[in-house]
$ cat entry-v9.txt   # compact mmCIF, C-alpha atoms
# COMPACT_ATOMS: atom_id res chain seq x y z
CA MET D 1 13.92 9.21 -118.72
CA LEU D 2 11.24 7.09 -120.42
CA VAL D 3 12.29 4.10 -118.35
CA LEU D 4 11.92 6.13 -115.17
CA LEU D 5 8.48 7.39 -116.25
CA VAL D 6 7.25 3.88 -117.08
CA THR D 7 8.62 2.53 -113.79
CA GLY D 8 6.89 5.38 -111.94
CA LEU D 9 3.55 4.67 -113.67
CA VAL D 10 3.81 0.92 -112.95
CA ALA D 11 4.59 1.68 -109.28
CA LEU D 12 1.63 4.07 -109.13
CA ALA D 13 -0.71 1.48 -110.67
CA LEU D 14 0.57 -1.19 -108.28
CA ALA D 15 0.09 1.10 -105.29
CA ALA D 16 -3.45 1.95 -106.42
CA PHE D 17 -4.22 -1.76 -106.89
CA LEU D 18 -2.85 -2.62 -103.44
CA LEU D 19 -4.79 0.25 -101.82
CA ALA D 20 -8.03 -0.79 -103.54
CA ARG D 21 -7.48 -4.39 -102.47
CA ALA D 22 -6.81 -3.35 -98.88
CA ALA D 23 -9.96 -1.23 -98.85
CA ALA D 24 -12.01 -4.07 -100.31
CA GLY D 25 -10.55 -6.44 -97.75
CA LYS D 26 -11.58 -4.10 -94.94
CA THR D 27 -15.09 -3.79 -96.33
CA ILE D 28 -15.47 -7.55 -96.64
CA ALA D 29 -14.03 -8.05 -93.15
CA ALA D 30 -16.45 -5.46 -91.75
CA ARG D 31 -19.37 -7.15 -93.49
CA ARG D 32 -18.29 -10.52 -92.15
CA ARG D 33 -17.96 -9.06 -88.66
CA ARG D 34 -21.45 -7.59 -88.87
CA ARG D 35 -22.85 -10.92 -89.95
CA VAL D 36 -21.10 -12.71 -87.12
CA GLN D 37 -22.31 -10.18 -84.54
CA HIS D 38 -25.95 -10.25 -85.56
CA PRO D 39 -26.84 -13.58 -87.11
CA PRO D 40 -30.41 -13.44 -88.38
CA LEU D 41 -32.74 -15.58 -86.30
CA ALA D 42 -34.61 -18.07 -88.41
CA PHE D 43 -38.16 -18.72 -87.26
CA ASP D 44 -38.04 -21.55 -84.75
CA PRO D 45 -41.38 -22.38 -83.11
CA GLY D 46 -39.60 -24.39 -80.40
CA ARG D 47 -37.36 -21.50 -79.42
CA GLU D 48 -40.29 -19.06 -79.43
CA ARG D 49 -42.31 -21.41 -77.25
CA ARG D 50 -39.48 -21.84 -74.76
CA ALA D 51 -38.90 -18.08 -74.69
CA GLU D 52 -42.58 -17.48 -73.96
CA GLN D 53 -42.58 -20.07 -71.18
CA ARG D 54 -39.61 -18.35 -69.55
CA ALA D 55 -41.32 -15.00 -70.01
CA ARG D 56 -44.48 -16.22 -68.27
CA GLN D 57 -42.44 -17.47 -65.32
CA LEU D 58 -40.63 -14.14 -65.09
CA LEU D 59 -43.90 -12.19 -65.27
CA ARG D 60 -45.45 -14.36 -62.59
CA SER D 61 -42.48 -13.77 -60.28
CA CYS D 62 -42.79 -9.98 -60.61
CA VAL D 63 -46.51 -9.17 -60.43
CA ASN D 64 -48.80 -10.05 -57.53
CA ASP D 65 -51.13 -13.07 -57.49
CA HIS D 66 -54.18 -11.01 -58.49
CA GLU D 67 -52.44 -9.53 -61.55
CA TRP D 68 -51.02 -12.87 -62.57
CA ALA D 69 -54.43 -14.55 -62.34
CA MET D 70 -55.92 -11.69 -64.37
CA TYR D 71 -53.36 -12.19 -67.14
CA ARG D 72 -53.71 -15.95 -67.07
CA ASP D 73 -57.53 -15.88 -67.20
CA LEU D 74 -58.24 -12.76 -69.28
CA GLY D 75 -55.06 -12.11 -71.29
CA PHE D 76 -54.36 -8.59 -69.99
CA ILE D 77 -53.37 -6.78 -66.79
CA ARG D 78 -54.91 -3.64 -65.30
CA VAL D 79 -52.62 -1.08 -63.69
CA ASP D 80 -54.04 1.88 -61.77
CA GLY D 81 -52.98 5.33 -62.93
CA ARG D 82 -50.84 7.23 -60.44
CA ARG D 83 -50.16 10.59 -62.02
CA LEU D 84 -53.04 12.58 -60.61
CA PRO D 85 -52.56 14.03 -57.13
CA ASP D 86 -55.96 12.75 -55.98
CA ALA D 87 -55.03 9.21 -56.99
CA ALA D 88 -57.85 7.56 -55.08
CA GLY D 89 -61.29 8.35 -56.50
CA GLU D 90 -64.70 7.29 -55.22
CA GLY D 91 -64.59 4.24 -52.99
CA GLY D 92 -60.80 4.19 -53.11
CA ALA D 93 -60.82 3.34 -56.83
CA ALA D 94 -58.20 4.99 -59.05
CA PRO D 95 -59.65 7.78 -61.25
CA TYR D 96 -58.14 6.13 -64.30
CA ALA D 97 -56.37 2.90 -65.12
CA TYR D 98 -54.54 1.16 -67.93
CA LEU D 99 -55.08 -2.17 -69.62
CA ILE D 100 -51.85 -3.83 -70.74
CA TYR D 101 -52.10 -6.24 -73.68
CA PRO D 102 -49.21 -8.11 -75.30
CA HIS D 103 -47.96 -6.42 -78.47
CA LYS D 104 -50.87 -3.98 -78.55
CA PRO D 105 -51.21 -0.41 -77.35
CA ILE D 106 -51.83 0.33 -73.67
CA VAL D 107 -55.42 1.47 -73.14
CA ALA D 108 -56.39 4.14 -70.63
CA TYR D 109 -59.94 4.10 -69.26
CA VAL D 110 -62.08 5.20 -66.32
CA PRO D 111 -62.81 2.21 -64.05
CA ARG D 112 -65.82 3.94 -62.43
CA ASN D 113 -67.88 4.05 -65.64
CA GLY D 114 -65.81 2.09 -68.16
CA ARG D 115 -65.27 5.12 -70.40
CA LEU D 116 -62.41 4.55 -72.83
CA LEU D 117 -59.88 7.39 -72.93
CA SER D 118 -57.02 6.69 -75.32
CA GLU D 119 -54.53 4.23 -76.75
CA TYR D 120 -50.82 4.60 -76.03
CA CYS D 121 -48.76 2.88 -78.66
CA VAL D 122 -45.43 1.82 -77.22
CA GLU D 123 -42.91 -0.83 -78.21
CA PHE D 124 -39.61 -2.18 -77.00
CA PRO D 125 -37.47 -2.45 -80.11
CA ASP D 126 -34.62 -4.86 -80.73
CA LEU D 127 -31.60 -2.66 -80.01
CA THR D 128 -29.19 -5.06 -81.72
CA GLY D 129 -30.58 -4.07 -85.09
CA GLY D 130 -32.49 -7.31 -85.55
CA HIS D 131 -36.16 -7.60 -86.37
CA THR D 132 -37.25 -9.89 -83.56
CA ARG D 133 -39.53 -8.79 -80.75
CA LEU D 134 -39.99 -9.67 -77.12
CA PRO D 135 -42.07 -12.72 -76.22
CA ALA D 136 -45.68 -11.75 -75.46
CA SER D 137 -45.37 -12.04 -71.67
CA ASP D 138 -42.07 -10.10 -71.66
CA ASP D 139 -43.80 -7.32 -73.59
CA VAL D 140 -46.51 -7.21 -70.90
CA LEU D 141 -43.90 -7.23 -68.13
CA ALA D 142 -41.88 -4.44 -69.77
CA LYS D 143 -45.03 -2.28 -69.98
CA TRP D 144 -45.96 -3.15 -66.41
CA MET D 145 -42.49 -2.23 -65.11
CA ALA D 146 -42.39 0.97 -67.13
CA LEU D 147 -45.89 2.05 -65.98
CA THR D 148 -45.47 1.19 -62.31
CA SER D 149 -42.01 2.76 -62.03
CA ASP D 150 -42.14 5.81 -64.25
CA GLU D 151 -45.59 6.31 -65.73
CA ALA D 152 -44.84 9.81 -66.99
CA ARG D 153 -41.80 8.70 -68.95
CA VAL D 154 -43.42 5.78 -70.74
CA ILE D 155 -46.60 7.70 -71.51
CA GLY D 156 -44.48 10.63 -72.70
CA ARG D 157 -42.64 8.37 -75.15
CA ALA D 158 -45.77 6.64 -76.44
CA ASN D 159 -47.78 7.73 -79.45
CA MET D 160 -51.25 8.60 -78.25
CA HIS D 161 -54.31 7.90 -80.37
CA LEU D 162 -58.03 7.87 -79.88
CA VAL D 163 -59.34 4.43 -79.03
CA GLY D 164 -60.12 2.50 -82.19
CA ARG D 165 -56.86 2.83 -84.08
CA GLN D 166 -55.49 -0.62 -83.18
CA HIS D 167 -57.98 -1.87 -80.61
CA ASP D 168 -61.60 -2.66 -81.36
CA PRO D 169 -63.60 -0.46 -78.91
CA ALA D 170 -66.38 -3.05 -78.69
CA ARG D 171 -63.88 -5.70 -77.68
CA LEU D 172 -62.32 -3.36 -75.11
CA ARG D 173 -65.74 -2.69 -73.55
CA ARG D 174 -66.32 -6.42 -73.44
CA ASP D 175 -62.90 -6.93 -71.79
CA ILE D 176 -63.75 -4.31 -69.15
CA TRP D 177 -67.05 -6.09 -68.51
CA ARG D 178 -65.22 -9.46 -68.34
CA LEU D 179 -62.78 -7.94 -65.85
CA SER D 180 -65.54 -6.62 -63.60
CA GLU D 181 -67.30 -10.01 -63.68
CA TRP D 182 -64.02 -11.82 -63.04
CA GLU D 183 -63.32 -9.59 -60.04
CA ARG D 184 -66.90 -9.91 -58.74
CA VAL D 185 -66.74 -13.71 -58.89
CA GLY D 186 -63.20 -13.68 -57.47
CA ALA D 187 -64.32 -11.43 -54.61
CA GLY D 188 -67.25 -13.78 -53.98
CA ARG D 189 -64.88 -16.74 -53.84
CA LEU D 190 -62.62 -14.90 -51.44
CA GLY D 191 -65.61 -13.93 -49.30
CA ALA D 192 -66.86 -17.51 -49.22
CA ARG D 193 -63.36 -18.72 -48.36
CA ALA D 194 -63.09 -16.14 -45.58
CA ALA D 195 -66.48 -17.19 -44.26
CA MET A 1 -35.19 -9.56 -71.67
CA LYS A 2 -33.89 -10.13 -75.14
CA PRO A 3 -36.05 -9.94 -78.24
CA GLY A 4 -36.32 -13.37 -79.82
CA HIS A 5 -34.99 -15.14 -76.73
CA GLY A 6 -36.83 -13.90 -73.66
CA GLU A 7 -35.05 -13.99 -70.35
CA VAL A 8 -31.25 -14.34 -70.50
CA LEU A 9 -29.01 -14.45 -67.43
CA LEU A 10 -26.32 -11.80 -67.88
CA ALA A 11 -24.36 -11.99 -64.65
CA GLU A 12 -24.80 -13.17 -61.10
CA GLY A 13 -22.84 -12.83 -57.94
CA ASP A 14 -22.76 -11.64 -54.36
CA PRO A 15 -22.56 -7.82 -54.20
CA ASP A 16 -20.74 -8.13 -50.88
CA VAL A 17 -17.86 -9.92 -52.59
CA ARG A 18 -15.65 -7.37 -54.30
CA VAL A 19 -14.85 -9.41 -57.41
CA ASP A 20 -18.53 -10.24 -57.92
CA GLU A 21 -19.55 -6.64 -57.38
CA GLU A 22 -17.09 -5.41 -60.02
CA LEU A 23 -18.53 -7.92 -62.46
CA LEU A 24 -22.10 -6.82 -61.66
CA ILE A 25 -21.22 -3.13 -62.01
CA GLU A 26 -19.49 -3.73 -65.33
CA GLU A 27 -22.47 -5.64 -66.73
CA PHE A 28 -24.90 -3.05 -65.36
CA ARG A 29 -23.06 -0.23 -67.13
CA ARG A 30 -22.72 -2.21 -70.34
CA GLN A 31 -26.47 -2.81 -70.49
CA LEU A 32 -27.28 0.85 -69.87
CA ASP A 33 -24.69 1.92 -72.45
CA GLU A 34 -26.45 -0.32 -74.95
CA GLY A 35 -29.63 1.63 -74.32
CA MET A 36 -31.46 -0.74 -72.03
CA TRP A 37 -33.61 0.30 -69.09
CA ALA A 38 -33.04 -1.34 -65.72
CA ALA A 39 -35.78 -2.06 -63.21
CA VAL A 40 -36.04 -3.82 -59.88
CA PRO A 41 -39.35 -5.50 -58.94
CA THR A 42 -40.39 -4.45 -55.46
CA GLU A 43 -43.27 -4.95 -53.05
CA ARG A 44 -44.79 -2.30 -50.85
CA PRO A 45 -44.61 -3.48 -47.26
CA GLY A 46 -48.02 -4.16 -45.77
CA SER A 47 -50.12 -3.62 -48.90
CA GLY A 48 -48.85 -6.53 -50.97
CA ARG A 49 -48.88 -4.20 -53.94
CA ARG A 50 -46.06 -4.87 -56.35
CA GLU A 51 -44.39 -2.39 -58.63
CA ALA A 52 -41.08 -1.77 -60.30
CA GLN A 53 -38.39 0.73 -59.47
CA MET A 54 -36.39 2.11 -62.36
CA VAL A 55 -32.67 2.41 -61.59
CA ARG A 56 -30.28 4.59 -63.55
CA ASP A 57 -27.15 3.91 -61.52
CA TYR A 58 -25.77 0.85 -59.78
CA SER A 59 -25.87 2.70 -56.44
CA GLU A 60 -29.66 3.13 -56.79
CA ILE A 61 -30.27 -0.61 -56.60
CA PRO A 62 -31.99 -1.36 -53.27
CA PRO A 63 -29.72 -3.47 -51.04
CA GLU A 64 -32.41 -6.11 -50.63
CA ALA A 65 -32.93 -6.50 -54.40
CA GLU A 66 -32.37 -10.02 -55.66
CA ARG A 67 -32.28 -9.15 -59.34
CA VAL A 68 -32.24 -6.35 -61.84
CA ILE A 69 -34.19 -6.78 -65.06
CA PHE A 70 -32.97 -5.07 -68.21
CA PHE A 71 -35.36 -4.43 -71.06
CA PRO A 72 -35.24 -2.36 -74.26
CA ARG A 73 -36.21 1.27 -73.68
CA ALA A 74 -39.71 2.16 -74.74
CA SER A 75 -40.39 4.08 -77.90
CA GLY A 76 -43.54 5.19 -79.65
CA GLY A 77 -44.96 2.38 -81.75
$ encode --input "entry-v9.txt" --output "structure tokens"
Amino acid sequence: MLVLLVTGLVALALAAFLLARAAAGKTIAARRRRRVQHPPLAFDPGRERRAEQRARQLLRSCVNDHEWAMYRDLGFIRVDGRRLPDAAGEGGAAPYAYLIYPHKPIVAYVPRNGRLLSEYCVEFPDLTGGHTRLPASDDVLAKWMALTSDEARVIGRANMHLVGRQHDPARLRRDIWRLSEWERVGAGRLGARAA
Amino acid sequence: MKPGHGEVLLAEGDPDVRVDEELLIEEFRRQLDEGMWAAVPTERPGSGRREAQMVRDYSEIPPEAERVIFFPRASGG
């Protein structure tokens, strides 16, 4: 009887040991698999530079020449707002527009008088669980595509703040002035070319 | 568009060739299942104005589209 009891206890202990080992093995295997699936990206300036160069080419191939030149010269792109039914305001200008900056909130403003309206904080997170972000020009293109295709959806998902939370209002006003000057000079060049 | 890498070619092929189309459909669904948004850059005829068209199903892709761009869905930052 005692022999049977001891044998039973040894078998129980062995089974528990084997089960624990199997569970540990699964955990380690799962951890290894996770590591293999999502290797952390070490900072590599060369890779980041190449990614940004590809992103600029992609952006250039999607937006029109005017928008590309604006981004190249000024560092942001303006997109006219399209949600209001009377989309065209005075002189055919949109009643409101957005400024798209890389890795900064989208800014809504009134082109007619330069009045700043709000900041829309939106990001395109790494869905693989990593902590990397899109190259700067890809971030601009993603905002541009989202705004021009489904403005209501992207604005609905964004966190809205008064201007000044992440952007410097003085700098924004200066950017709007730079944009108007850039367009005035560009229009003059076009006019001279046409003449 | 892939964070940390930029543009990555996922699949390419001729939609008129059945084998290619199956490959494109499979990749399209996989990207949407992973939570990506899909958009096709387009140009308005006559105006020269460019914009994007969001597509939620493979059948929504315009026949003349040369590419579909996938990017992470937007969230409040």
$ atom_distance --input "entry-v9.txt" --atom1 "atom CA of Glu52 of chain D" --atom2 "atom CA of Ala142 of chain D"
13.7 Å
$ interface_residues --input "entry-v9.txt" --of "chain A" --to "chain D" --cutoff "7 Å" --atoms "all atoms listed in the file" --output "list in words"
Met1, Lys2, Pro3, Gly4, His5, Gly6, Glu7, Ala39, Pro41, Arg49, Arg50, Glu51, Ala52, Gln53, Met54, Phe71, Pro72, Arg73, Ala74, Ser75, Gly76 and Gly77 of chain A
$ closest_residue --input "entry-v9.txt" --among "A:Pro15, A:Gln31, A:Leu23, A:Met36" --to "Ala65 of chain A" --atoms "only C-alpha atoms"
A:Pro15
$ atom_distance --input "entry-v9.txt" --atom1 "atom CA of Arg178 of chain D" --atom2 "atom CA of Phe76 of chain D"
11.0 Å
$ atom_distance --input "entry-v9.txt" --atom1 "atom CA of Gly75 of chain D" --atom2 "atom CA of Val8 of chain A"
23.9 Å
$ closest_residue --input "entry-v9.txt" --among "D:Ala94, D:Leu74, D:Ile100, D:Val107" --to "Trp177 of chain D" --atoms "only C-alpha atoms"
D:Leu74
$ residues_around --input "entry-v9.txt" --residues "Glu26 of chain A" --least-positions-apart "3" --cutoff "12 Å" --atoms "only C-alpha atoms" --output "list in words"
Leu10, Ala11, Glu12, Val19, Asp20, Glu21, Glu22, Leu23, Arg29, Arg30, Gln31, Leu32, Asp33, Asp57 and Tyr58 of chain A
$ residues_around --input "entry-v9.txt" --residues "His167 of chain D" --least-positions-apart "2" --cutoff "9 Å" --atoms "all atoms listed in the file" --output "list in words"
Lys104, Pro105, Val107, Glu119, Val163, Gly164, Arg165, Pro169, Ala170, Arg171 and Leu172 of chain D
$ residues_around --input "entry-v9.txt" --residues "Val68 of chain A" --least-positions-apart "5" --cutoff "9 Å" --atoms "all atoms listed in the file" --output "list in words"
Phe28, Ala38, Ala39, Val40, Pro41, Val55 and Ile61 of chain A
$ write_last_selection --input "entry-v9.txt" --atoms "C-alpha atoms" --output "PDB file, in the coordinates of the input"
ATOM      1  CA  PHE A  28     -24.900  -3.050 -65.360  1.00  0.00           C
ATOM      2  CA  ALA A  38     -33.040  -1.340 -65.720  1.00  0.00           C
ATOM      3  CA  ALA A  39     -35.780  -2.060 -63.210  1.00  0.00           C
ATOM      4  CA  VAL A  40     -36.040  -3.820 -59.880  1.00  0.00           C
ATOM      5  CA  PRO A  41     -39.350  -5.500 -58.940  1.00  0.00           C
ATOM      6  CA  VAL A  55     -32.670   2.410 -61.590  1.00  0.00           C
ATOM      7  CA  ILE A  61     -30.270  -0.610 -56.600  1.00  0.00           C
TER       8      ILE A  61
END
$ axis_aligned_box --input "entry-v9.txt" --around "segment 27-45 of chain A" --padding-each-side "6 Å" --output "AutoDock Vina command-line options"
--center_x -33.6 --center_y -1.9 --center_z -61.1 --size_x 34.3 --size_y 19.6 --size_z 39.7
